[in-house]
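Peer 1: Dropping the structure in here first, questions after.
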Amino acid sequence: MKPVRFNLDQSMETLTAHSGLALIGLLLSHTRTAKRLIKNRLPGVHNPTVTHPDVLYAYLGLLCQGKSDFDHIEPFREDKFFAKALGIKHVPSSPTLRQRLDLAAAASYDWQTILLEESADLLRSLEVPLTPVTVTSGGVQASSWLPLDLDVSPFDNGSTQKEGVSRTYKGTDGYSPFFAYLGQEGYGVNVNLREGSTHVQKEAAAFLLHSIEYSRRLTDKPLLVRMDAGNDAIENLNVCLNEQVDFIIKRNLRRESPEEWLVIAKQDGMCCEERDGKRVYLGAMSWNDKKLIRPIRGVYRVTERTIEADGQILLTPIVEAEV
């Protein structure tokens with residue numbers, strides 16, 4: 001970034017390479033984050049000189065520069081622009097930053113909740129663009145939804161000794177954070193850092209519910225929850241049904257064979273022969289389970305190949321199913 005000159009007072013001019021923090025501070029000033037953090041009480045921390053907003057804003061300032069280690073705060077303790085831009089009265093030391101954030105994380109989820117709620121409220125107040133997905137019929141738009149995409153995205157932290165780093169389902173050592181994105185723009189509305197070995201579905205229902213709540217703080221438009229097969233669980237389906245949001249969740253076929261779906265598709269599906277030796281069956285069915293609040297609609301696509309695209313005849317048909 002090109003260094004920019006700023007006047008911090010009438011008698012002094014400073015040269016800074018992180019002028020973008022002024023925009024971050026401006027955005028933070030349009031939230032109630034500081035007021036809510038001031039009211040938050042942490043055990044053993046009474047009337048601290050370095051307030052909770054000072055601690056949180058300082059760390060946000062680091063993250064916005066791609067710095068995550070607590071020790072990275074030390075060079076900024078004498079940086080007047082850093083404090084001025086973010087509205088910080090006292091820039092914390094590295095030990096204070098570490099201890100306060102550890103204490104906040106151990107005490108409750110209050111700080112995380114405040115951040116996520118204020119983030120959603122800020123996006124709403126700024127009237128950020130949110131592009132929906134639409135369904136058309138006969139050239140006329142029939143329905144539209146704001147997609148709410150949720151997925152676990154494993155990190156590769158194999159070269160570190162950080163707490164919580166363990167084997168992920170991707171075969172790497174790292175974390176397995178859960179993310180929720182809203183709209184085609186992909187605004188982050190929820191995130192949960194988890195140990196690498198954590199199962200994809202663990203606490204997913206609660207995460208889904210909170211993601212829907214944060215999304216509704218941001219928009220009044222209909223939501224469309226989209227999740228991968230790793231989150232094909234009754235708990236998630238019931239959350240969507242309870243919250244009255246539409247959803248597309250890929251079915252996990254670990255206990256079902258494509259051949260079983262081919263039998264169903266041949267009986268009830270619509271067949272389309274895309275080329276010689278390749279048939280695609282499309283169909284829908286009502287699916288119920290005693291644990292479900294009410295029946296849901298299942299849509300399937302089953303592909304049967306008896307001849308390869310190059311003309312090679314297969315001894316055994318290849319069957320693929322997506323539900």
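Just so we're on the same page: first chain in the structure tokens is A, next is B, and so on; residues restart at 1 for each chain, and ligands are numbered from 1 in the order they show up.
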Please provide as a ChimeraX atom specification all residues within 12 Å of Asn157 of chain A, with the sequence filter that same-chain residues fewer than 4 positions apart are discarded (counting only C-alpha atoms).

Peer 2: /A:161-168,171-176,195-196

Peer 1: For the residues selected in the previous step, produce a file with N, CA, C and O atoms as a PDB file, in the first residue's frame.

Peer 2:
ATOM      1  N   GLN A 161       2.143 -25.296  15.635  1.00  0.00           N
ATOM      2  CA  GLN A 161       1.874 -26.020  16.877  1.00  0.00           C
ATOM      3  C   GLN A 161       0.730 -25.361  17.630  1.00  0.00           C
ATOM      4  O   GLN A 161       0.666 -25.411  18.856  1.00  0.00           O
ATOM      5  N   LYS A 162      -0.207 -24.759  16.917  1.00  0.00           N
ATOM      6  CA  LYS A 162      -1.297 -24.028  17.551  1.00  0.00           C
ATOM      7  C   LYS A 162      -2.261 -24.972  18.252  1.00  0.00           C
ATOM      8  O   LYS A 162      -2.467 -26.110  17.820  1.00  0.00           O
ATOM      9  N   GLU A 163      -2.859 -24.453  19.308  1.00  0.00           N
ATOM     10  CA  GLU A 163      -3.841 -25.232  20.068  1.00  0.00           C
ATOM     11  C   GLU A 163      -5.055 -25.543  19.194  1.00  0.00           C
ATOM     12  O   GLU A 163      -5.578 -24.666  18.513  1.00  0.00           O
ATOM     13  N   GLY A 164      -5.494 -26.785  19.227  1.00  0.00           N
ATOM     14  CA  GLY A 164      -6.675 -27.167  18.464  1.00  0.00           C
ATOM     15  C   GLY A 164      -6.397 -27.705  17.085  1.00  0.00           C
ATOM     16  O   GLY A 164      -7.299 -28.198  16.408  1.00  0.00           O
ATOM     17  N   VAL A 165      -5.156 -27.622  16.634  1.00  0.00           N
ATOM     18  CA  VAL A 165      -4.803 -28.169  15.321  1.00  0.00           C
ATOM     19  C   VAL A 165      -4.811 -29.693  15.397  1.00  0.00           C
ATOM     20  O   VAL A 165      -4.173 -30.289  16.265  1.00  0.00           O
ATOM     21  N   SER A 166      -5.582 -30.319  14.529  1.00  0.00           N
ATOM     22  CA  SER A 166      -5.658 -31.782  14.487  1.00  0.00           C
ATOM     23  C   SER A 166      -6.063 -32.214  13.084  1.00  0.00           C
ATOM     24  O   SER A 166      -6.309 -31.383  12.207  1.00  0.00           O
ATOM     25  N   ARG A 167      -6.161 -33.525  12.880  1.00  0.00           N
ATOM     26  CA  ARG A 167      -6.397 -34.062  11.537  1.00  0.00           C
ATOM     27  C   ARG A 167      -7.807 -33.743  11.051  1.00  0.00           C
ATOM     28  O   ARG A 167      -8.794 -34.052  11.713  1.00  0.00           O
ATOM     29  N   THR A 168      -7.903 -33.126   9.867  1.00  0.00           N
ATOM     30  CA  THR A 168      -9.194 -32.800   9.276  1.00  0.00           C
ATOM     31  C   THR A 168      -9.614 -33.902   8.301  1.00  0.00           C
ATOM     32  O   THR A 168      -8.816 -34.766   7.929  1.00  0.00           O
ATOM     33  N   GLY A 171      -7.572 -34.620   5.253  1.00  0.00           N
ATOM     34  CA  GLY A 171      -6.286 -35.288   5.361  1.00  0.00           C
ATOM     35  C   GLY A 171      -5.140 -34.374   5.735  1.00  0.00           C
ATOM     36  O   GLY A 171      -3.972 -34.767   5.663  1.00  0.00           O
ATOM     37  N   THR A 172      -5.452 -33.139   6.139  1.00  0.00           N
ATOM     38  CA  THR A 172      -4.423 -32.200   6.570  1.00  0.00           C
ATOM     39  C   THR A 172      -4.580 -31.922   8.058  1.00  0.00           C
ATOM     40  O   THR A 172      -5.636 -32.169   8.647  1.00  0.00           O
ATOM     41  N   ASP A 173      -3.524 -31.397   8.680  1.00  0.00           N
ATOM     42  CA  ASP A 173      -3.585 -30.986  10.082  1.00  0.00           C
ATOM     43  C   ASP A 173      -3.930 -29.507  10.135  1.00  0.00           C
ATOM     44  O   ASP A 173      -3.226 -28.673   9.554  1.00  0.00           O
ATOM     45  N   GLY A 174      -5.018 -29.179  10.809  1.00  0.00           N
ATOM     46  CA  GLY A 174      -5.425 -27.778  10.869  1.00  0.00           C
ATOM     47  C   GLY A 174      -6.709 -27.611  11.648  1.00  0.00           C
ATOM     48  O   GLY A 174      -7.027 -28.398  12.538  1.00  0.00           O
ATOM     49  N   TYR A 175      -7.456 -26.572  11.302  1.00  0.00           N
ATOM     50  CA  TYR A 175      -8.754 -26.297  11.905  1.00  0.00           C
ATOM     51  C   TYR A 175      -9.860 -26.638  10.907  1.00  0.00           C
ATOM     52  O   TYR A 175      -9.620 -26.766   9.710  1.00  0.00           O
ATOM     53  N   SER A 176     -11.091 -26.760  11.415  1.00  0.00           N
ATOM     54  CA  SER A 176     -12.256 -27.008  10.559  1.00  0.00           C
ATOM     55  C   SER A 176     -13.346 -25.993  10.875  1.00  0.00           C
ATOM     56  O   SER A 176     -14.372 -26.329  11.467  1.00  0.00           O
ATOM     57  N   GLU A 195     -11.838 -27.220  16.176  1.00  0.00           N
ATOM     58  CA  GLU A 195     -10.675 -28.086  16.029  1.00  0.00           C
ATOM     59  C   GLU A 195     -10.794 -28.913  14.748  1.00  0.00           C
ATOM     60  O   GLU A 195     -11.897 -29.238  14.301  1.00  0.00           O
ATOM     61  N   GLY A 196      -9.658 -29.262  14.185  1.00  0.00           N
ATOM     62  CA  GLY A 196      -9.652 -29.942  12.897  1.00  0.00           C
ATOM     63  C   GLY A 196     -10.385 -31.265  12.873  1.00  0.00           C
ATOM     64  O   GLY A 196     -11.019 -31.625  11.880  1.00  0.00           O
TER      65      GLY A 196
END

Peer 1: May I have the residues within 10 Å of segment 131-143 of chain A as a ChimeraX atom specification, using only C-alpha atoms and disregarding those fewer than 5 positions away in the same chain?

Peer 2: /A:148,182-186,221-224

Peer 1: As a ChimeraX atom specification, which residues of segment 122-214 of chain A does DSSP assign to strand (DSSP E or B)?

Peer 2: /A:133-137,140-152,166-167,173-175,178-182,187-192,195

Peer 1: Can you pull out the residues contacting Lys84 of chain A? Cut-off 12 Å, using only C-alpha atoms, and skip same-chain residues under 4 positions away; I want them as a ChimeraX atom specification.

Peer 2: /A:6-9,14,19,21-26,54,57-58,61,76-80,88-91

Peer 1: Rounded to one decimal, what separation in Å do you get between atom CA of Ser286 of chain A and atom CA of Ile318 of chain A?

Peer 2: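 These atoms are spaced 26.3 Å apart.
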
Peer 1: Between A:Thr219, A:Glu118, A:Gly230, A:Ala107, which one has atoms that come closest to Arg32 of chain A, using only C-alpha atoms?

Peer 2: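 Looking only at the distances to Arg32 of chain A, the closest residue turns out to be A:Glu118.
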